[in-house]
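K.L.:
Sharing model.tsv (TSV, C-alpha atoms) below.
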chain	number	residue	atom	x	y	z
A	1337	MET	CA	-51.98	222.38	-179.51
A	1338	ASN	CA	-52.78	224.09	-182.79
A	1339	PRO	CA	-55.88	226.31	-182.43
A	1340	SER	CA	-58.79	225.00	-184.49
A	1341	VAL	CA	-61.49	226.65	-186.56
A	1342	SER	CA	-65.00	225.40	-187.20
A	1343	LEU	CA	-65.86	223.67	-190.45
A	1344	SER	CA	-68.23	226.49	-191.41
A	1345	THR	CA	-65.43	229.03	-190.81
A	1346	LEU	CA	-63.09	226.98	-193.00
A	1347	LEU	CA	-65.65	226.91	-195.80
A	1348	ASP	CA	-66.03	230.68	-195.56
A	1349	LEU	CA	-62.27	231.22	-195.57
A	1350	LEU	CA	-61.73	229.03	-198.62
A	1351	GLN	CA	-64.61	230.60	-200.53
A	1352	GLN	CA	-63.19	234.08	-199.86
A	1353	GLN	CA	-59.85	233.20	-201.47
A	1354	ASP	CA	-59.96	234.42	-205.07
A	1355	ALA	CA	-57.27	232.02	-206.23
A	1356	ALA	CA	-58.13	229.06	-204.02
A	1357	ARG	CA	-57.33	225.69	-205.55
A	1358	ILE	CA	-58.38	223.03	-203.07
A	1359	GLY	CA	-57.52	219.37	-202.71
A	1360	LEU	CA	-59.59	217.05	-200.52
A	1361	PHE	CA	-58.56	213.72	-198.95
A	1362	CYS	CA	-61.75	212.02	-197.81
A	1363	ASN	CA	-64.26	209.22	-198.15
A	1364	GLN	CA	-67.93	208.93	-197.24
A	1365	THR	CA	-67.31	209.79	-193.57
A	1366	ALA	CA	-66.86	213.42	-194.72
A	1367	PHE	CA	-70.61	214.02	-194.68
A	1368	VAL	CA	-71.81	217.28	-193.13
A	1369	PHE	CA	-75.08	216.29	-191.47
A	1370	GLU	CA	-76.13	219.87	-190.73
A	1371	LYS	CA	-75.93	220.70	-194.45
A	1372	ARG	CA	-77.09	217.25	-195.55
A	1373	LYS	CA	-74.28	217.18	-198.07
A	1374	TYR	CA	-70.84	215.70	-198.50
A	1375	LEU	CA	-67.95	218.06	-197.83
A	1376	LEU	CA	-66.91	217.27	-201.39
A	1377	GLU	CA	-70.17	218.81	-202.66
A	1378	LEU	CA	-69.89	221.88	-200.43
A	1379	LEU	CA	-66.35	222.61	-201.57
A	1380	SER	CA	-67.15	222.01	-205.22
A	1381	GLU	CA	-70.01	224.54	-205.12
A	1382	SER	CA	-67.44	227.33	-204.92
A	1383	LYS	CA	-65.65	225.94	-208.02
A	1384	ALA	CA	-62.41	225.97	-206.01
A	1385	LEU	CA	-62.26	222.21	-205.45
A	1386	LYS	CA	-59.81	220.78	-207.99
A	1387	THR	CA	-58.71	217.35	-206.74
A	1388	VAL	CA	-60.12	214.61	-204.52
A	1389	PHE	CA	-57.74	211.96	-203.19
A	1390	VAL	CA	-59.53	208.62	-202.71
A	1391	PRO	CA	-58.16	206.04	-200.21
A	1392	GLU	CA	-58.34	202.26	-200.08
A	1393	HIS	CA	-61.94	200.91	-200.13
A	1394	GLY	CA	-63.13	203.75	-202.39
A	1395	LEU	CA	-65.08	206.92	-201.79
A	1396	PHE	CA	-68.07	205.06	-200.34
A	1397	SER	CA	-66.21	202.16	-198.70
A	1398	GLU	CA	-67.67	199.98	-201.43
A	1399	LEU	CA	-64.49	197.95	-202.07
A	1400	GLN	CA	-63.07	195.16	-199.96
A	1401	ASP	CA	-59.50	195.12	-198.66
A	1402	GLN	CA	-56.70	194.95	-201.23
A	1403	GLU	CA	-59.06	195.77	-204.12
A	1404	PRO	CA	-57.62	198.60	-206.27
A	1405	VAL	CA	-59.61	201.81	-206.54
A	1406	GLU	CA	-60.04	202.24	-210.29
A	1407	THR	CA	-63.61	203.29	-211.16
A	1408	LEU	CA	-62.93	206.98	-210.50
A	1409	GLU	CA	-65.12	208.30	-213.33
A	1410	LEU	CA	-68.24	207.19	-211.44
A	1411	TYR	CA	-67.43	209.64	-208.66
A	1412	ARG	CA	-67.49	212.61	-211.03
A	1413	ARG	CA	-71.27	212.69	-210.86
A	1414	LEU	CA	-70.81	214.39	-207.49
A	1415	ALA	CA	-68.46	217.03	-208.89
A	1416	GLU	CA	-68.14	217.21	-212.68
A	1417	GLN	CA	-65.06	219.45	-212.92
A	1418	VAL	CA	-63.03	217.74	-210.19
A	1419	LYS	CA	-60.14	215.35	-210.74
A	1420	PHE	CA	-60.21	212.17	-208.65
A	1421	VAL	CA	-56.87	210.58	-207.75
A	1422	SER	CA	-56.68	207.01	-206.42
A	1423	LEU	CA	-54.36	206.43	-203.48
A	1424	TYR	CA	-54.78	202.67	-203.81
A	1425	GLY	CA	-54.19	201.51	-207.37
A	1426	GLN	CA	-52.57	198.48	-208.95
A	1427	SER	CA	-48.96	199.59	-208.51
A	1428	GLU	CA	-46.88	199.92	-205.36
A	1429	GLU	CA	-46.24	203.60	-206.20
A	1430	SER	CA	-49.97	204.41	-206.36
A	1431	VAL	CA	-50.32	204.65	-202.57
A	1432	ARG	CA	-47.98	207.66	-202.48
A	1433	VAL	CA	-49.39	211.14	-203.05
A	1434	PRO	CA	-47.56	212.50	-206.13
A	1435	VAL	CA	-45.93	215.92	-205.81
A	1436	GLN	CA	-47.42	217.03	-209.12
A	1437	ALA	CA	-50.93	216.43	-207.76
A	1438	LEU	CA	-50.23	218.90	-204.93
A	1439	ALA	CA	-48.04	221.47	-206.69
A	1440	THR	CA	-50.89	223.55	-208.11
A	1441	LEU	CA	-53.06	223.50	-204.97
A	1442	SER	CA	-53.33	226.32	-202.43
A	1443	ASP	CA	-54.98	224.22	-199.70
A	1444	VAL	CA	-55.52	220.56	-198.88
A	1445	VAL	CA	-58.39	219.52	-196.60
A	1446	VAL	CA	-58.37	216.15	-194.82
A	1447	ASP	CA	-61.65	214.79	-193.48
A	1448	ILE	CA	-61.59	211.05	-192.98
A	1449	GLN	CA	-62.31	208.78	-190.02
A	1450	ASP	CA	-59.31	206.99	-188.57
A	1451	VAL	CA	-59.99	204.11	-186.14
A	1452	GLY	CA	-57.04	204.52	-183.76
A	1453	CYS	CA	-54.82	201.66	-184.98
A	1454	ARG	CA	-51.76	201.74	-187.18
A	1455	TYR	CA	-52.97	198.90	-189.45
A	1456	PHE	CA	-55.77	201.10	-190.80
A	1457	THR	CA	-54.39	202.33	-194.10
A	1458	TYR	CA	-56.02	205.79	-193.96
A	1459	THR	CA	-53.41	206.57	-191.30
A	1460	THR	CA	-50.58	205.70	-193.68
A	1461	SER	CA	-52.23	207.58	-196.55
A	1462	LEU	CA	-52.29	210.68	-194.34
A	1463	ALA	CA	-48.64	210.06	-193.46
A	1464	TYR	CA	-47.66	209.81	-197.12
A	1465	LEU	CA	-49.55	213.04	-197.86
A	1466	ILE	CA	-47.69	214.82	-195.06
A	1467	SER	CA	-44.33	213.35	-196.11
A	1468	THR	CA	-44.86	214.76	-199.61
A	1469	LEU	CA	-45.86	218.17	-198.28
A	1470	ALA	CA	-42.70	218.19	-196.13
A	1471	THR	CA	-40.50	217.87	-199.24
A	1472	MET	CA	-42.11	220.71	-201.19
A	1473	PRO	CA	-40.49	224.18	-201.26
A	1474	THR	CA	-43.90	225.90	-201.47
A	1475	PRO	CA	-46.48	223.39	-200.18
A	1476	PRO	CA	-50.21	224.07	-199.90
A	1477	ARG	CA	-51.68	224.69	-196.47
A	1478	LEU	CA	-53.06	221.60	-194.74
A	1479	TRP	CA	-56.42	221.61	-192.91
A	1480	VAL	CA	-57.32	218.50	-190.90
A	1481	VAL	CA	-60.78	217.89	-189.47
A	1482	ASP	CA	-59.98	216.77	-185.93
A	1483	ARG	CA	-62.21	213.74	-185.64
A	1484	ALA	CA	-62.29	211.91	-182.33
A	1485	ASN	CA	-60.64	208.52	-181.99
A	1486	PRO	CA	-63.34	205.81	-181.84
A	1487	ALA	CA	-60.94	203.56	-179.91
A	1488	GLY	CA	-60.58	206.28	-177.27
A	1489	ARG	CA	-57.47	207.55	-175.49
A	1490	GLN	CA	-56.15	204.12	-174.59
A	1491	VAL	CA	-52.70	203.09	-175.82
A	1492	GLU	CA	-51.65	199.53	-176.70
A	1493	GLY	CA	-48.50	198.02	-178.09
A	1494	SER	CA	-45.07	199.16	-179.16
A	1495	ALA	CA	-43.71	201.72	-181.60
A	1496	LEU	CA	-43.18	200.14	-185.01
A	1497	PRO	CA	-39.48	199.89	-185.98
A	1498	VAL	CA	-38.46	200.87	-189.50
A	1499	GLN	CA	-37.67	197.27	-190.52
A	1500	TYR	CA	-41.33	196.29	-190.04
A	1501	SER	CA	-42.89	199.47	-191.42
A	1502	SER	CA	-45.10	199.32	-194.52
A	1503	PHE	CA	-48.35	200.63	-195.92
A	1504	ILE	CA	-50.00	198.50	-193.21
A	1505	GLY	CA	-48.11	200.28	-190.42
A	1506	HIS	CA	-46.26	203.58	-190.24
A	1507	GLN	CA	-42.89	203.72	-188.51
A	1508	GLY	CA	-43.02	204.93	-184.92
A	1509	LEU	CA	-46.72	204.33	-184.28
A	1510	PRO	CA	-47.85	201.78	-181.67
A	1511	HIS	CA	-50.59	199.29	-182.45
A	1512	ARG	CA	-53.23	201.52	-180.80
A	1513	HIS	CA	-52.09	205.14	-180.59
A	1514	GLY	CA	-54.85	206.97	-178.67
A	1515	LEU	CA	-54.63	210.16	-180.76
A	1516	SER	CA	-57.37	212.08	-182.52
A	1517	MET	CA	-57.06	212.71	-186.25
A	1518	GLY	CA	-55.69	216.20	-185.71
A	1519	GLU	CA	-53.20	215.06	-183.08
A	1520	LEU	CA	-52.05	212.33	-185.43
A	1521	ALA	CA	-51.46	214.93	-188.15
A	1522	ILE	CA	-49.40	217.07	-185.76
A	1523	TRP	CA	-47.31	214.04	-184.78
A	1524	LEU	CA	-46.73	213.13	-188.43
A	1525	LYS	CA	-45.73	216.70	-189.29
A	1526	ARG	CA	-43.12	216.55	-186.52
A	1527	PHE	CA	-41.99	213.11	-187.68
A	1528	TYR	CA	-41.31	214.43	-191.19
A	1529	GLN	CA	-40.05	217.80	-189.92
A	1530	GLY	CA	-42.54	219.62	-192.10
A	1531	THR	CA	-42.59	223.42	-192.22
A	1532	PHE	CA	-45.92	223.78	-194.04
A	1533	LYS	CA	-48.90	225.41	-192.32
A	1534	LEU	CA	-51.18	222.96	-190.51
A	1535	SER	CA	-54.52	223.98	-189.03
A	1536	LEU	CA	-57.10	221.83	-187.26
A	1537	VAL	CA	-60.80	222.02	-187.99
A	1538	SER	CA	-63.46	221.20	-185.40
A	1539	PRO	CA	-66.10	218.70	-186.55
A	1540	THR	CA	-69.50	220.32	-186.96
A	1541	SER	CA	-71.29	218.06	-184.47
A	1542	GLU	CA	-70.48	215.15	-182.21
A	1543	ASP	CA	-74.09	213.98	-182.31
A	1544	PHE	CA	-73.38	211.98	-185.47
A	1545	PHE	CA	-70.05	210.51	-184.32
A	1546	PHE	CA	-69.26	207.24	-186.10
A	1547	GLN	CA	-72.67	206.89	-187.72
A	1548	ILE	CA	-70.98	206.26	-191.07
A	1549	PHE	CA	-68.76	203.19	-191.27
A	1550	PRO	CA	-65.24	204.17	-192.42
A	1551	SER	CA	-64.52	200.92	-194.27
A	1552	PRO	CA	-66.62	197.89	-195.29
A	1553	ASN	CA	-65.52	195.67	-192.40
A	1554	PHE	CA	-65.68	198.26	-189.61
A	1555	PRO	CA	-69.38	198.44	-188.74
A	1556	SER	CA	-69.41	199.71	-185.15
A	1557	LEU	CA	-67.64	201.20	-182.15
A	1558	GLN	CA	-67.41	197.66	-180.75
A	1559	THR	CA	-65.13	196.87	-183.69
A	1560	ALA	CA	-62.85	199.72	-182.62
A	1561	GLN	CA	-62.44	198.20	-179.16
A	1562	LEU	CA	-61.29	194.87	-180.62
A	1563	TYR	CA	-59.46	195.85	-183.80
A	1564	SER	CA	-56.02	196.50	-182.28
A	1565	GLY	CA	-55.82	192.83	-181.33
A	1566	GLN	CA	-58.20	190.99	-183.62
A	1567	CYS	CA	-56.73	192.44	-186.82
A	1568	LEU	CA	-53.73	190.17	-186.13
A	1569	PHE	CA	-55.88	187.21	-187.18
A	1570	GLU	CA	-55.39	188.39	-190.75
A	1571	ALA	CA	-51.94	186.84	-190.32
A	1572	THR	CA	-53.47	183.37	-189.82
A	1573	ASN	CA	-55.23	180.75	-191.90
A	1574	LEU	CA	-58.38	181.41	-189.85
A	1575	SER	CA	-61.21	183.65	-190.98
A	1576	GLU	CA	-61.10	186.97	-189.13
A	1577	GLY	CA	-64.83	187.33	-189.68
A	1578	ARG	CA	-64.85	189.08	-193.06
A	1579	GLY	CA	-67.94	187.92	-194.87
A	1580	THR	CA	-69.97	187.92	-191.66
A	1581	THR	CA	-71.89	190.70	-189.93
A	1582	ARG	CA	-69.30	190.70	-187.11
A	1583	PRO	CA	-65.85	191.14	-188.72
A	1584	PHE	CA	-62.97	191.05	-186.21
A	1585	GLU	CA	-65.35	189.75	-183.55
A	1586	ILE	CA	-65.78	186.31	-185.12
A	1587	ILE	CA	-62.82	184.01	-185.92
A	1588	GLY	CA	-62.68	180.42	-187.10
A	1589	ALA	CA	-62.16	177.86	-189.85
A	1590	PRO	CA	-63.75	174.65	-191.21
A	1591	PHE	CA	-61.11	172.49	-189.54
A	1592	LEU	CA	-61.86	173.71	-185.97
A	1593	SER	CA	-63.99	170.99	-184.39
A	1594	TRP	CA	-66.04	171.41	-181.21
A	1595	GLU	CA	-63.43	169.36	-179.34
A	1596	LYS	CA	-60.64	171.63	-180.57
A	1597	LEU	CA	-62.62	174.73	-179.64
A	1598	ARG	CA	-63.21	173.41	-176.12
A	1599	SER	CA	-59.47	172.82	-175.68
A	1600	ILE	CA	-58.56	176.30	-176.92
A	1601	LYS	CA	-61.23	177.91	-174.72
A	1602	HIS	CA	-60.04	175.94	-171.69
A	1603	ASP	CA	-56.40	176.99	-172.14
A	1604	PHE	CA	-57.35	180.62	-172.70
A	1605	GLU	CA	-59.52	180.71	-169.58
A	1606	LEU	CA	-56.63	179.37	-167.49
A	1607	GLN	CA	-54.79	182.56	-168.43
A	1608	THR	CA	-57.78	184.88	-167.90
A	1609	ASP	CA	-58.25	183.63	-164.35
A	1610	ALA	CA	-54.72	184.76	-163.48
A	1611	ILE	CA	-54.30	188.03	-165.42
A	1612	PRO	CA	-56.80	190.90	-164.88
A	1613	TRP	CA	-56.22	192.43	-168.34
A	1614	LEU	CA	-57.19	189.21	-170.12
A	1615	ASN	CA	-60.96	189.61	-170.33
A	1616	TYR	CA	-62.09	188.23	-173.67
A	1617	VAL	CA	-65.08	185.93	-173.29
A	1618	LEU	CA	-64.93	183.26	-176.00
A	1619	ARG	CA	-68.31	181.96	-177.16
A	1620	PRO	CA	-67.99	178.89	-179.41
A	1621	LEU	CA	-70.17	178.97	-182.53
A	1622	GLN	CA	-70.49	178.00	-186.17
A	1623	PHE	CA	-70.68	180.49	-189.05
A	1624	ILE	CA	-70.58	180.64	-192.85
A	1625	PRO	CA	-68.65	183.55	-194.44
A	1626	THR	CA	-70.29	184.91	-197.59
A	1627	PHE	CA	-66.94	186.12	-199.00
A	1628	HIS	CA	-63.18	186.19	-198.28
A	1629	LYS	CA	-61.65	183.18	-196.49
A	1630	TYR	CA	-63.77	180.01	-196.57
A	1631	THR	CA	-66.61	181.48	-198.63
A	1632	ASN	CA	-69.82	179.46	-198.17
A	1633	GLU	CA	-68.05	176.93	-195.91
A	1634	LEU	CA	-69.25	176.00	-192.44
A	1635	CYS	CA	-66.64	177.16	-189.92
A	1636	GLY	CA	-66.18	176.40	-186.26
A	1637	GLY	CA	-64.88	179.25	-184.16
A	1638	PHE	CA	-65.56	181.90	-181.55
A	1639	GLN	CA	-67.27	185.21	-181.19
A	1640	VAL	CA	-65.16	187.40	-178.94
A	1641	HIS	CA	-67.14	189.30	-176.29
A	1642	LEU	CA	-65.75	191.88	-173.86
A	1643	ALA	CA	-66.28	191.33	-170.16
A	1644	THR	CA	-68.26	194.23	-168.68
A	1645	GLY	CA	-66.81	196.57	-166.08
A	1646	ILE	CA	-63.18	195.82	-166.98
A	1647	VAL	CA	-60.87	197.86	-169.20
A	1648	ASN	CA	-59.93	195.77	-172.20
A	1649	HIS	CA	-56.41	195.41	-173.65
A	1650	SER	CA	-57.31	193.90	-177.00
A	1651	LEU	CA	-53.74	193.51	-178.22
A	1652	LEU	CA	-52.66	191.46	-175.20
A	1653	ASN	CA	-55.83	189.33	-175.29
A	1654	SER	CA	-55.36	188.55	-178.97
A	1655	LEU	CA	-51.63	187.84	-178.60
A	1656	VAL	CA	-52.41	185.28	-175.89
A	1657	LEU	CA	-55.21	183.78	-177.98
A	1658	LEU	CA	-52.87	183.55	-180.99
A	1659	GLN	CA	-50.19	181.82	-178.92
A	1660	ILE	CA	-52.74	179.25	-177.72
A	1661	MET	CA	-54.14	178.80	-181.23
A	1662	ASN	CA	-50.60	178.22	-182.48
A	1663	ASP	CA	-50.24	175.39	-179.97
A	1664	HIS	CA	-53.47	173.76	-181.15
A	1665	VAL	CA	-53.60	174.47	-184.90
A	1666	PRO	CA	-50.89	173.15	-187.25
A	1667	ASN	CA	-49.68	175.61	-189.90
A	1668	LEU	CA	-51.58	178.49	-188.31
A	1669	TRP	CA	-49.62	181.31	-189.90
A	1670	ARG	CA	-50.42	182.64	-193.35
A	1671	GLU	CA	-47.43	182.07	-195.63
A	1672	GLY	CA	-45.85	184.31	-198.25
A	1673	PRO	CA	-45.65	188.07	-198.72
A	1674	TYR	CA	-48.62	190.07	-197.47
A	1675	GLU	CA	-48.10	193.34	-199.32
A	1676	LYS	CA	-46.84	194.44	-202.74
A	1677	GLY	CA	-43.14	195.23	-202.73
A	1678	ASN	CA	-42.61	193.73	-199.28
A	1679	THR	CA	-41.21	190.24	-198.64
A	1680	ARG	CA	-42.33	190.00	-195.02
A	1681	THR	CA	-45.22	187.80	-193.91
A	1682	ALA	CA	-48.52	189.13	-192.61
A	1683	LEU	CA	-47.52	188.11	-189.06
A	1684	GLU	CA	-44.30	190.14	-189.23
A	1685	ILE	CA	-45.98	193.21	-190.70
A	1686	LEU	CA	-48.97	193.25	-188.35
A	1687	VAL	CA	-47.26	192.27	-185.08
A	1688	GLY	CA	-44.19	194.29	-186.05
A	1689	ASP	CA	-42.11	193.60	-182.96
A	1690	LYS	CA	-39.49	190.93	-182.21
A	1691	THR	CA	-40.55	190.43	-178.58
A	1692	LEU	CA	-44.22	190.05	-179.49
A	1693	LEU	CA	-43.40	187.75	-182.40
A	1694	ASN	CA	-41.40	185.57	-180.02
A	1695	PHE	CA	-44.35	185.51	-177.62
A	1696	VAL	CA	-46.94	184.28	-180.15
A	1697	ASN	CA	-44.47	181.63	-181.28
A	1698	GLY	CA	-43.99	180.40	-177.71
A	1699	LYS	CA	-40.45	181.75	-177.31
A	1700	GLU	CA	-41.19	184.44	-174.71
A	1701	SER	CA	-43.07	184.40	-171.40
A	1702	LEU	CA	-46.29	186.25	-170.67
A	1703	LYS	CA	-44.71	188.12	-167.76
A	1704	VAL	CA	-41.83	189.42	-169.89
A	1705	THR	CA	-44.31	190.41	-172.60
A	1706	ILE	CA	-46.56	192.35	-170.20
A	1707	ASP	CA	-43.56	194.15	-168.68
A	1708	TYR	CA	-42.34	194.97	-172.18
A	1709	LEU	CA	-45.73	196.35	-173.28
A	1710	LYS	CA	-46.01	198.39	-170.08
A	1711	HIS	CA	-42.65	200.04	-170.79
A	1712	GLN	CA	-43.37	200.60	-174.49
A	1713	GLU	CA	-46.79	202.12	-173.88
A	1714	ASN	CA	-45.47	204.46	-171.21
A	1715	GLU	CA	-42.71	205.62	-173.58
A	1716	TRP	CA	-45.25	206.43	-176.30
A	1717	ILE	CA	-47.46	208.36	-173.86
A	1718	GLN	CA	-44.49	210.45	-172.74
A	1719	SER	CA	-43.25	211.00	-176.32
A	1720	VAL	CA	-46.53	212.61	-177.46
A	1721	GLU	CA	-46.87	214.87	-174.40
A	1722	GLY	CA	-46.81	218.02	-176.53
A	1723	VAL	CA	-49.18	216.65	-179.17
A	1724	LYS	CA	-52.20	215.40	-177.28
A	1725	GLU	CA	-54.99	217.53	-175.85
A	1726	GLU	CA	-56.36	214.96	-173.38
A	1727	ARG	CA	-54.43	212.44	-171.32
A	1728	LEU	CA	-53.65	209.05	-172.82
A	1729	PHE	CA	-53.44	205.96	-170.66
A	1730	SER	CA	-52.30	202.36	-170.63
A	1731	VAL	CA	-54.44	199.78	-168.83
A	1732	PHE	CA	-51.32	198.56	-167.05
A	1733	TYR	CA	-51.55	201.74	-164.96
A	1734	HIS	CA	-54.49	202.82	-162.89
A	1735	ALA	CA	-56.66	205.08	-165.05
A	1736	ASN	CA	-56.71	207.83	-162.41
A	1737	LEU	CA	-52.94	208.01	-162.01
A	1738	SER	CA	-50.33	209.56	-164.23
A	1739	PRO	CA	-48.45	206.80	-166.06
When written as structure tokens, how does the structure in this file appear?

P.N.:
Amino acid sequence: MNPSVSLSTLLDLLQQQDAARIGLFCNQTAFVFEKRKYLLELLSESKALKTVFVPEHGLFSELQDQEPVETLELYRRLAEQVKFVSLYGQSEESVRVPVQALATLSDVVVDIQDVGCRYFTYTTSLAYLISTLATMPTPPRLWVVDRANPAGRQVEGSALPVQYSSFIGHQGLPHRHGLSMGELAIWLKRFYQGTFKLSLVSPTSEDFFFQIFPSPNFPSLQTAQLYSGQCLFEATNLSEGRGTTRPFEIIGAPFLSWEKLRSIKHDFELQTDAIPWLNYVLRPLQFIPTFHKYTNELCGGFQVHLATGIVNHSLLNSLVLLQIMNDHVPNLWREGPYEKGNTRTALEILVGDKTLLNFVNGKESLKVTIDYLKHQENEWIQSVEGVKEERLFSVFYHANLSP
């Protein structure tokens, strides 16, 4: 592993460079509690901070999904002489980090909270930054604050093939990768065969881990345990819980009656009784989203709870639930393109795997799917052997045994 320095050491090093011209990729999670200031403010105090790259959802996670980041001038109150660059504008090209924005910089600092799943677009924004650095003859040095993975070291899913890759999922990453932010950066540097200097930075304190939500619909660590599976409900005509206080825990729609919910719950519980890794507890309820799908409409649905004392495989649970929903709900899948410049549906982009797509559409068995996931997860764990600092695991193997 790359040796890491402390954040205070990094600040000292950058302030000692006479010609330092610093870029920063961050959002509100880059808050240094010990200093009671944003990292953006601390870097700008030395006058060396030149550019801030702002991801989807905005600097303060104030924007909902798929809303372009355009009100950049408002951020300048934090740092008057700093240029703010949106990495999520109106155009398809806006998500890529332009070479000209990096060419005059000596260093780029990354401090942003990933959530451990490939659908989270901060992961792809980091990948695009690294891919640009890898093409430059004289790139700036990259510093990555090595934030812990809120979803833990658990691995779920299969590596994304190039034909399904997009801004919603980077090629080669499984649904739930198990890597810290620094480990992810090392893997991406290897993926793009970069020769630039990469150094990891230790977070200042773990006492404040995940106290700042990284995006508007990711309020808690509980969300991180469910997101790898429940994000797939974005591919349906059901609400995935946006507009409620429990996004990705609550799902439903106005057309789901109590009778329909009982039938879905019954069929899902038949599977959970037979398979130890299927441990969602479905609690039927009614809810009214305040925005997004079915705004101000009464919806029938479920809140997903995790059974205690059992390791959860969210992806498998949600795939099974989607397959059952597909049997009970006509026209379940969201139609049309999901992303600018990409003709694939949301289901194709998010699931991103032919075997798993066949499973949710009732064309593949559960046994074959579990065996396939077991093999895919083990391959990922072995492929990142030189990248990770702590052992990753798949729930299909005993946690105390090597996979």

K.L.:
Which is closest to Leu1350 of chain A among A:Trp1594, A:Trp1479, A:Phe1695, A:Tyr1500, if we use only C-alpha atoms?

P.N.:
A:Trp1479

K.L.:
Could you list, as a ChimeraX atom specification, every residue within 8 Å of segment 1631-1641 of chain A, counting all atoms listed in the file and ignoring same-chain residues fewer than 5 positions away?

P.N.:
/A:1579,1585-1594,1597,1616-1626

K.L.:
Rank nothing, just name the residue among A:Leu1574, A:Ala1439, A:Val1421, A:Ile1448 nearest to Asn1667 of chain A, using only C-alpha atoms.

P.N.:
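Smallest separation from Asn1667 of chain A among the options: A:Leu1574.
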
K.L.:
Between A:Gln1547, A:Thr1644, A:Ser1382, A:Gln1400, which is the closest to Val1418 of chain A once you count all atoms listed in the file?

P.N.:
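Ranking A:Gln1547, A:Thr1644, A:Ser1382, A:Gln1400 by distance to Val1418 of chain A, first place goes to A:Ser1382.
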
K.L.:
Work out how far atom CA of Val1723 of chain A is from atom CA of Thr1345 of chain A, in Å to one decimal.

P.N.:
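Between atom CA of Thr1345 of chain A and atom CA of Val1723 of chain A the gap is 23.5 Å.
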
K.L.:
Find, counting only C-alpha atoms, the residue in A:Gln1449, A:Gln1561, A:Thr1691, A:Ser1538 that gets nearest to Leu1462 of chain A.

P.N.:
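Selected residue with least distance to Leu1462 of chain A: A:Gln1449.
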
K.L.:
Counting all atoms listed in the file, which residue out of A:His1513, A:Arg1680, A:Lys1525, A:Arg1483 sits closest to Phe1546 of chain A?

P.N.:
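For Phe1546 of chain A, the nearest of the given residues is A:Arg1483.
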